[in-house]
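Visitor: Input: one structure, supplied below.
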Amino acid sequence: MSDVSRTLTLRVTRQELVLIFITMIWGGTFLVVHRAMNFSGPFFFVGLRFATAALILACVFRRALAGTTRQELGAGVLIGLSIAGGYGLQTWGMQTISSSQSAFLTALYVPVVPLLQWLFLRRPPGLMAWCGILLAFLGLLLVAGPQDGRISLNQGEMATLLSTLAIAAEIILISRFAGQVDVRRVTLIQLAVASLCAFALMAPNGESLPRLSSPLLLSALGLGAASALIQVTMNWAQRSVSPTRATVIYAGEPVWAGVVGRLAGERLPAAAILGGALIVCGVIVSELKLKRKKAATAAPLE
């Protein structure tokens, strides 16, 4: 009779390390977006941000565009619509809520991704992934939750809640088409679509063109470059990183947002430090896998 034992293994791939790095950049953009709302309407800024990112990639990948396929065009449009909905609603919500409330509510996409993955892709997450997601989500509550411990759902908060569905859809769609399309072409298409959709939403929102001040243009240029890097990296890395693992890694975003806020003069309470520790634990736990290993048995003596 063979003896079955369980062992825990920790494996972090190169793609996952790269995702951790861009999550640091991603977290740093929160404060920039929040301050940019002093100079622009939300949808104009989102449109300008992604137009800048698309122009950057068009200059870098212009020779690769000639071979665009119908599948790549469709994938880019779907992902672009998700990006426009996610970032547009999130930025719109920042007009009436603080950056910490926005980060807290946006973090709700953490448990949404595996649920959508299970519902649409028939890929139920494993036990350790669920444990990691739970730890990360509890940590997010402590890191980015409002100081009074409760949330009143005004219009900005409701819009941010809706944005989590679009952000979750973006991650699922990227994983759905990863490995089947050219990363460069799809990323450029999705950024261009996101920009056009955001500009189109200016009229329903009653926005007018703002004055193109230096802070606005610098913010759009910096975030455009960051968005181009983030989107290309997400499309590349998620060819081999599952949506569940990617989601838990992205859950570190509020930690880095808190670090940037601290450097900008904000203070992290003890609860936020504890929350950061829980998020790190969640990332590590999500990388652990239970494996069955059969122990060799000695041959019986005759």
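Identifiers for the structure tokens are assigned positionally: chains receive A, B, ... in sequence, residues are indexed from 1 per chain, and ligands are indexed from 1 in the order shown.
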Taking 4 positions as the minimum chain separation for residues in the same chain, which residues sit within 10 Å of Thr244 in chain A when counting only C-alpha atoms? Answer as a list in words.
Guide: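 My reading of the contact set: Val110, Pro111, Val112, Val113, Pro114, Leu115, Gln117, Arg123, Pro124, Pro125, Gly126, Ala129, Trp130, Gly132, Ile133, Ile171, Ile172, Val248, Ile249, Tyr250 and Ser286 of chain A.
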Visitor: Contacts of range 199-212 of chain A at 8 Å or less, counting only C-alpha atoms, minus same-chain residues fewer than 6 places along, as a VMD selection string?
Guide: chain A and resid 39 to 41 43 to 44 46 to 47
Visitor: I'd like the contact shell of Leu135 in chain A - 12 Å cut-off, only C-alpha atoms, skipping same-chain residues fewer than 6 positions apart - returned as a PyMOL selection string.
Guide: chain A and resi 110-111+128-129+141-142+248+251-252+274-286
Visitor: Restricting it to all heavy atoms, dump the selection as a compact mmCIF listing (two decimals), in the first residue's frame.
Guide:
# COMPACT_ATOMS: atom_id res chain seq x y z
N VAL A 110 -11.52 41.99 -6.53
CA VAL A 110 -10.71 40.83 -6.15
C VAL A 110 -11.56 39.56 -6.05
O VAL A 110 -11.24 38.55 -6.68
CB VAL A 110 -9.95 41.10 -4.84
CG1 VAL A 110 -9.25 39.84 -4.35
CG2 VAL A 110 -8.94 42.22 -5.02
N PRO A 111 -12.67 39.56 -5.29
CA PRO A 111 -13.48 38.34 -5.28
C PRO A 111 -14.38 38.20 -6.51
O PRO A 111 -14.90 37.12 -6.76
CB PRO A 111 -14.35 38.51 -4.01
CG PRO A 111 -14.46 39.97 -3.83
CD PRO A 111 -13.16 40.55 -4.30
N MET A 128 -6.16 26.96 -2.25
CA MET A 128 -5.17 27.94 -1.82
C MET A 128 -5.43 29.31 -2.46
O MET A 128 -5.18 30.34 -1.84
CB MET A 128 -3.76 27.45 -2.15
CG MET A 128 -3.39 26.13 -1.48
SD MET A 128 -3.67 26.13 0.30
CE MET A 128 -2.39 27.28 0.85
N ALA A 129 -5.92 29.30 -3.70
CA ALA A 129 -6.25 30.58 -4.35
C ALA A 129 -7.38 31.28 -3.60
O ALA A 129 -7.34 32.49 -3.38
CB ALA A 129 -6.65 30.34 -5.80
N LEU A 141 -9.61 45.71 3.17
CA LEU A 141 -10.57 46.39 4.04
C LEU A 141 -9.85 47.26 5.07
O LEU A 141 -10.29 48.36 5.39
CB LEU A 141 -11.46 45.37 4.76
CG LEU A 141 -12.35 44.48 3.89
CD1 LEU A 141 -13.18 43.56 4.77
CD2 LEU A 141 -13.27 45.32 3.02
N LEU A 142 -8.74 46.75 5.58
CA LEU A 142 -8.00 47.48 6.61
C LEU A 142 -7.13 48.59 6.01
O LEU A 142 -7.00 49.66 6.60
CB LEU A 142 -7.12 46.51 7.40
CG LEU A 142 -7.87 45.46 8.24
CD1 LEU A 142 -6.89 44.47 8.85
CD2 LEU A 142 -8.68 46.13 9.34
N VAL A 248 -4.92 38.30 -7.38
CA VAL A 248 -4.33 38.42 -6.05
C VAL A 248 -3.09 39.31 -6.09
O VAL A 248 -2.83 40.10 -5.18
CB VAL A 248 -4.00 37.03 -5.47
CG1 VAL A 248 -3.31 37.16 -4.12
CG2 VAL A 248 -5.27 36.21 -5.32
N ALA A 251 -4.09 42.76 -6.18
CA ALA A 251 -4.63 43.19 -4.89
C ALA A 251 -3.62 43.99 -4.08
O ALA A 251 -3.97 44.66 -3.11
CB ALA A 251 -5.10 41.98 -4.08
N GLY A 252 -2.35 43.93 -4.47
CA GLY A 252 -1.33 44.73 -3.78
C GLY A 252 -1.35 46.20 -4.17
O GLY A 252 -0.63 47.02 -3.58
N LEU A 274 -1.41 46.57 9.31
CA LEU A 274 -1.86 45.19 9.45
C LEU A 274 -2.50 44.70 8.16
O LEU A 274 -2.27 43.57 7.72
CB LEU A 274 -2.86 45.07 10.61
CG LEU A 274 -3.51 43.70 10.81
CD1 LEU A 274 -2.45 42.63 11.09
CD2 LEU A 274 -4.53 43.76 11.95
N GLY A 275 -3.29 45.55 7.53
CA GLY A 275 -3.91 45.18 6.26
C GLY A 275 -2.88 44.91 5.18
O GLY A 275 -3.03 43.96 4.40
N GLY A 276 -1.83 45.72 5.14
CA GLY A 276 -0.75 45.48 4.18
C GLY A 276 -0.09 44.13 4.38
O GLY A 276 0.23 43.42 3.42
N ALA A 277 0.10 43.76 5.65
CA ALA A 277 0.68 42.46 5.95
C ALA A 277 -0.22 41.32 5.48
O ALA A 277 0.24 40.31 4.95
CB ALA A 277 0.94 42.34 7.45
N LEU A 278 -1.54 41.50 5.66
CA LEU A 278 -2.48 40.47 5.21
C LEU A 278 -2.47 40.32 3.69
O LEU A 278 -2.59 39.20 3.17
CB LEU A 278 -3.90 40.82 5.69
CG LEU A 278 -4.20 40.60 7.18
CD1 LEU A 278 -5.59 41.09 7.51
CD2 LEU A 278 -4.04 39.13 7.55
N ILE A 279 -2.32 41.43 2.99
CA ILE A 279 -2.28 41.37 1.53
C ILE A 279 -1.05 40.62 1.06
O ILE A 279 -1.11 39.78 0.16
CB ILE A 279 -2.33 42.79 0.94
CG1 ILE A 279 -3.71 43.40 1.17
CG2 ILE A 279 -2.01 42.76 -0.55
CD1 ILE A 279 -3.82 44.84 0.76
N VAL A 280 0.10 40.93 1.66
CA VAL A 280 1.33 40.21 1.31
C VAL A 280 1.16 38.71 1.58
O VAL A 280 1.55 37.87 0.76
CB VAL A 280 2.52 40.78 2.09
CG1 VAL A 280 3.77 39.92 1.86
CG2 VAL A 280 2.79 42.22 1.68
N CYS A 281 0.57 38.38 2.71
CA CYS A 281 0.31 36.97 3.03
C CYS A 281 -0.63 36.34 2.00
O CYS A 281 -0.45 35.18 1.60
CB CYS A 281 -0.31 36.85 4.42
SG CYS A 281 0.83 37.21 5.78
N GLY A 282 -1.63 37.13 1.56
CA GLY A 282 -2.55 36.62 0.56
C GLY A 282 -1.86 36.29 -0.75
O GLY A 282 -2.14 35.27 -1.39
N VAL A 283 -0.91 37.16 -1.17
CA VAL A 283 -0.16 36.91 -2.40
C VAL A 283 0.67 35.64 -2.27
O VAL A 283 0.72 34.80 -3.16
CB VAL A 283 0.74 38.12 -2.73
CG1 VAL A 283 1.65 37.80 -3.91
CG2 VAL A 283 -0.10 39.35 -3.04
N ILE A 284 1.33 35.47 -1.11
CA ILE A 284 2.17 34.29 -0.90
C ILE A 284 1.32 33.02 -0.85
O ILE A 284 1.64 32.01 -1.49
CB ILE A 284 2.99 34.44 0.40
CG1 ILE A 284 3.97 35.61 0.26
CG2 ILE A 284 3.73 33.15 0.74
CD1 ILE A 284 4.73 35.93 1.52
N VAL A 285 0.23 33.07 -0.09
CA VAL A 285 -0.63 31.89 0.05
C VAL A 285 -1.20 31.48 -1.30
O VAL A 285 -1.32 30.28 -1.60
CB VAL A 285 -1.76 32.16 1.06
CG1 VAL A 285 -2.82 31.06 1.00
CG2 VAL A 285 -1.19 32.26 2.47
N SER A 286 -1.53 32.45 -2.13
CA SER A 286 -2.11 32.12 -3.44
C SER A 286 -1.13 31.38 -4.33
O SER A 286 -1.53 30.70 -5.27
CB SER A 286 -2.58 33.40 -4.14
OG SER A 286 -1.47 34.18 -4.55
Visitor: Please run DSSP on the backbone and report, as a PyMOL selection string, all residues within range 58-300 of chain A that come out as alpha helix (DSSP H).
Guide: chain A and resi 58-61+70-93+99-106+109-121+127-144+155-177+183-200+214-237+243-250+253-263+270-286
Visitor: Return as JSON lines the residues of range 41-145 of chain A lying at most 8 Å from range 181-191 of chain A, together with the closest atom-to-atom pair for each and the distance in Å to one decimal, counting only C-alpha atoms, with rows in chain order and ascending residue number.
Guide:
{"residue": "A:Phe50", "atom": "CA", "partner": "A:Leu191", "partner_atom": "CA", "distance": 5.5}
{"residue": "A:Ala51", "atom": "CA", "partner": "A:Leu191", "partner_atom": "CA", "distance": 7.0}
{"residue": "A:Ala53", "atom": "CA", "partner": "A:Leu191", "partner_atom": "CA", "distance": 6.8}
{"residue": "A:Ala54", "atom": "CA", "partner": "A:Leu191", "partner_atom": "CA", "distance": 5.4}
{"residue": "A:Leu57", "atom": "CA", "partner": "A:Leu188", "partner_atom": "CA", "distance": 6.1}
{"residue": "A:Ala58", "atom": "CA", "partner": "A:Leu188", "partner_atom": "CA", "distance": 6.8}
{"residue": "A:Phe61", "atom": "CA", "partner": "A:Arg184", "partner_atom": "CA", "distance": 6.6}
{"residue": "A:Ala64", "atom": "CA", "partner": "A:Arg185", "partner_atom": "CA", "distance": 6.9}
{"residue": "A:Leu65", "atom": "CA", "partner": "A:Arg185", "partner_atom": "CA", "distance": 6.0}
{"residue": "A:Thr68", "atom": "CA", "partner": "A:Arg185", "partner_atom": "CA", "distance": 6.6}
{"residue": "A:Gln71", "atom": "CA", "partner": "A:Val181", "partner_atom": "CA", "distance": 7.4}
{"residue": "A:Glu72", "atom": "CA", "partner": "A:Val186", "partner_atom": "CA", "distance": 5.6}
{"residue": "A:Leu73", "atom": "CA", "partner": "A:Val186", "partner_atom": "CA", "distance": 6.8}
{"residue": "A:Ala75", "atom": "CA", "partner": "A:Val186", "partner_atom": "CA", "distance": 6.7}
{"residue": "A:Gly76", "atom": "CA", "partner": "A:Gln190", "partner_atom": "CA", "distance": 4.3}
{"residue": "A:Val77", "atom": "CA", "partner": "A:Gln190", "partner_atom": "CA", "distance": 5.6}
{"residue": "A:Leu78", "atom": "CA", "partner": "A:Gln190", "partner_atom": "CA", "distance": 7.5}
{"residue": "A:Ile79", "atom": "CA", "partner": "A:Gln190", "partner_atom": "CA", "distance": 5.7}
{"residue": "A:Gly80", "atom": "CA", "partner": "A:Gln190", "partner_atom": "CA", "distance": 3.9}
{"residue": "A:Leu81", "atom": "CA", "partner": "A:Gln190", "partner_atom": "CA", "distance": 7.6}
{"residue": "A:Ile83", "atom": "CA", "partner": "A:Gln190", "partner_atom": "CA", "distance": 7.8}
Visitor: Those selected residues, please, written with N, CA and C atoms and delivered as a CSV table (one decimal), in the first residue's frame.
Guide:
chain,number,residue,atom,x,y,z
A,50,PHE,N,-5.8,57.7,-22.2
A,50,PHE,CA,-5.6,56.5,-23.0
A,50,PHE,C,-5.3,56.9,-24.5
A,51,ALA,N,-5.7,58.1,-24.9
A,51,ALA,CA,-5.2,58.6,-26.2
A,51,ALA,C,-3.7,58.7,-26.3
A,53,ALA,N,-1.6,57.1,-24.3
A,53,ALA,CA,-1.0,55.7,-24.3
A,53,ALA,C,-1.1,55.1,-25.7
A,54,ALA,N,-2.2,55.3,-26.4
A,54,ALA,CA,-2.4,54.7,-27.7
A,54,ALA,C,-1.4,55.3,-28.7
A,57,LEU,N,2.1,53.8,-28.1
A,57,LEU,CA,2.2,52.5,-28.7
A,57,LEU,C,2.2,52.5,-30.2
A,58,ALA,N,1.4,53.4,-30.8
A,58,ALA,CA,1.4,53.5,-32.2
A,58,ALA,C,2.8,53.8,-32.8
A,61,PHE,N,4.9,50.4,-32.1
A,61,PHE,CA,4.5,49.2,-32.8
A,61,PHE,C,3.9,49.4,-34.2
A,64,ALA,N,3.9,46.7,-36.8
A,64,ALA,CA,3.1,45.4,-36.5
A,64,ALA,C,1.7,45.5,-36.8
A,65,LEU,N,1.2,46.8,-37.1
A,65,LEU,CA,-0.3,46.9,-37.3
A,65,LEU,C,-0.8,46.4,-38.6
A,68,THR,N,-3.1,43.0,-38.6
A,68,THR,CA,-4.2,42.9,-37.6
A,68,THR,C,-5.3,42.0,-38.1
A,71,GLN,N,-10.0,38.7,-35.2
A,71,GLN,CA,-10.1,38.2,-33.8
A,71,GLN,C,-9.4,39.3,-33.0
A,72,GLU,N,-8.2,39.8,-33.4
A,72,GLU,CA,-7.5,40.8,-32.6
A,72,GLU,C,-8.3,42.1,-32.5
A,73,LEU,N,-9.0,42.5,-33.6
A,73,LEU,CA,-9.8,43.6,-33.6
A,73,LEU,C,-11.0,43.5,-32.6
A,75,ALA,N,-11.1,41.3,-30.0
A,75,ALA,CA,-10.6,41.3,-28.6
A,75,ALA,C,-10.2,42.7,-28.1
A,76,GLY,N,-9.6,43.5,-29.0
A,76,GLY,CA,-9.3,44.8,-28.6
A,76,GLY,C,-10.5,45.7,-28.3
A,77,VAL,N,-11.5,45.5,-29.1
A,77,VAL,CA,-12.8,46.3,-28.8
A,77,VAL,C,-13.4,45.9,-27.5
A,78,LEU,N,-13.5,44.6,-27.2
A,78,LEU,CA,-14.1,44.2,-26.0
A,78,LEU,C,-13.3,44.6,-24.8
A,79,ILE,N,-12.0,44.4,-24.8
A,79,ILE,CA,-11.2,44.8,-23.7
A,79,ILE,C,-11.2,46.4,-23.5
A,80,GLY,N,-11.2,47.1,-24.6
A,80,GLY,CA,-11.3,48.5,-24.6
A,80,GLY,C,-12.6,49.1,-24.0
A,81,LEU,N,-13.7,48.4,-24.3
A,81,LEU,CA,-15.0,48.8,-23.7
A,81,LEU,C,-14.9,48.6,-22.2
A,83,ILE,N,-12.2,48.6,-20.3
A,83,ILE,CA,-11.3,49.6,-19.7
A,83,ILE,C,-12.0,50.9,-19.6
Visitor: Rounded to one decimal place, report the CA of Glu170 in chain A-CA of Ser82 in chain A distance in Å.
Guide: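 Interatomic distance, CA of Glu170 in chain A to CA of Ser82 in chain A: 5.4 Å.
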Visitor: Excluding Ile97 in chain A and residues on its chain fewer than 3 positions from it, collect all residues at most 7 Å away from it, counting only C-alpha atoms, and give them as a ChimeraX atom specification.
Guide: /A:93-94,101-102,156-157
Visitor: Could you take the residues named above and write them with all heavy atoms, as a PDB file, in the first residue's frame?
Guide:
ATOM      1  N   GLY A  93     -16.246  58.685 -10.051  1.00  0.00           N
ATOM      2  CA  GLY A  93     -16.521  58.580  -8.624  1.00  0.00           C
ATOM      3  C   GLY A  93     -15.563  59.376  -7.764  1.00  0.00           C
ATOM      4  O   GLY A  93     -15.919  59.815  -6.667  1.00  0.00           O
ATOM      5  N   MET A  94     -14.334  59.593  -8.255  1.00  0.00           N
ATOM      6  CA  MET A  94     -13.337  60.328  -7.477  1.00  0.00           C
ATOM      7  C   MET A  94     -13.677  61.798  -7.309  1.00  0.00           C
ATOM      8  O   MET A  94     -13.017  62.497  -6.546  1.00  0.00           O
ATOM      9  CB  MET A  94     -11.955  60.190  -8.119  1.00  0.00           C
ATOM     10  CG  MET A  94     -11.282  58.859  -7.872  1.00  0.00           C
ATOM     11  SD  MET A  94      -9.546  58.902  -8.376  1.00  0.00           S
ATOM     12  CE  MET A  94      -9.127  57.172  -8.212  1.00  0.00           C
ATOM     13  N   GLN A 101     -11.433  55.733  -0.089  1.00  0.00           N
ATOM     14  CA  GLN A 101     -12.716  55.094  -0.349  1.00  0.00           C
ATOM     15  C   GLN A 101     -12.753  54.473  -1.743  1.00  0.00           C
ATOM     16  O   GLN A 101     -13.261  53.367  -1.930  1.00  0.00           O
ATOM     17  CB  GLN A 101     -13.852  56.109  -0.208  1.00  0.00           C
ATOM     18  CG  GLN A 101     -14.187  56.473   1.230  1.00  0.00           C
ATOM     19  CD  GLN A 101     -15.247  57.562   1.276  1.00  0.00           C
ATOM     20  OE1 GLN A 101     -15.082  58.624   0.686  1.00  0.00           O
ATOM     21  NE2 GLN A 101     -16.342  57.283   1.961  1.00  0.00           N
ATOM     22  N   SER A 102     -12.197  55.192  -2.715  1.00  0.00           N
ATOM     23  CA  SER A 102     -12.163  54.672  -4.082  1.00  0.00           C
ATOM     24  C   SER A 102     -11.338  53.395  -4.154  1.00  0.00           C
ATOM     25  O   SER A 102     -11.733  52.417  -4.801  1.00  0.00           O
ATOM     26  CB  SER A 102     -11.583  55.734  -5.023  1.00  0.00           C
ATOM     27  OG  SER A 102     -11.538  55.255  -6.353  1.00  0.00           O
ATOM     28  N   GLY A 156     -20.984  58.683  -6.092  1.00  0.00           N
ATOM     29  CA  GLY A 156     -19.599  58.361  -6.419  1.00  0.00           C
ATOM     30  C   GLY A 156     -19.232  56.944  -6.025  1.00  0.00           C
ATOM     31  O   GLY A 156     -18.531  56.236  -6.761  1.00  0.00           O
ATOM     32  N   GLU A 157     -19.715  56.518  -4.881  1.00  0.00           N
ATOM     33  CA  GLU A 157     -19.413  55.170  -4.416  1.00  0.00           C
ATOM     34  C   GLU A 157     -20.144  54.111  -5.234  1.00  0.00           C
ATOM     35  O   GLU A 157     -19.602  53.041  -5.524  1.00  0.00           O
ATOM     36  CB  GLU A 157     -19.753  55.059  -2.930  1.00  0.00           C
ATOM     37  CG  GLU A 157     -18.804  55.857  -2.062  1.00  0.00           C
ATOM     38  CD  GLU A 157     -19.368  56.175  -0.684  1.00  0.00           C
ATOM     39  OE1 GLU A 157     -20.607  56.066  -0.510  1.00  0.00           O
ATOM     40  OE2 GLU A 157     -18.584  56.548   0.200  1.00  0.00           O
TER      41      GLU A 157
END
Visitor: Could you name the residues that touch range 11-22 of chain A at 12 Å or less, counting only C-alpha atoms, but leaving out those on the same chain fewer than 3 positions away, as a ChimeraX atom specification?
Guide: /A:8,25-29,226-253,255-256,280,283-290
Visitor: Using only C-alpha atoms, which protein or nucleic acid residues come within 7 Å of Ala84 in chain A? Drop anything in the same chain fewer than 4 positions from it, and give the result as a list of chain:residue names.
Guide: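 Once the adjacent positions are removed, what remains is A:Gly80, A:Gly88, A:Ala194, A:Cys197, A:Ala198.
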Visitor: One decimal, in Å: what's the spacing between CA of Ala36 in chain A and CA of Ala220 in chain A?
Guide: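 CA of Ala220 in chain A lies at a distance of 8.6 Å from CA of Ala36 in chain A.
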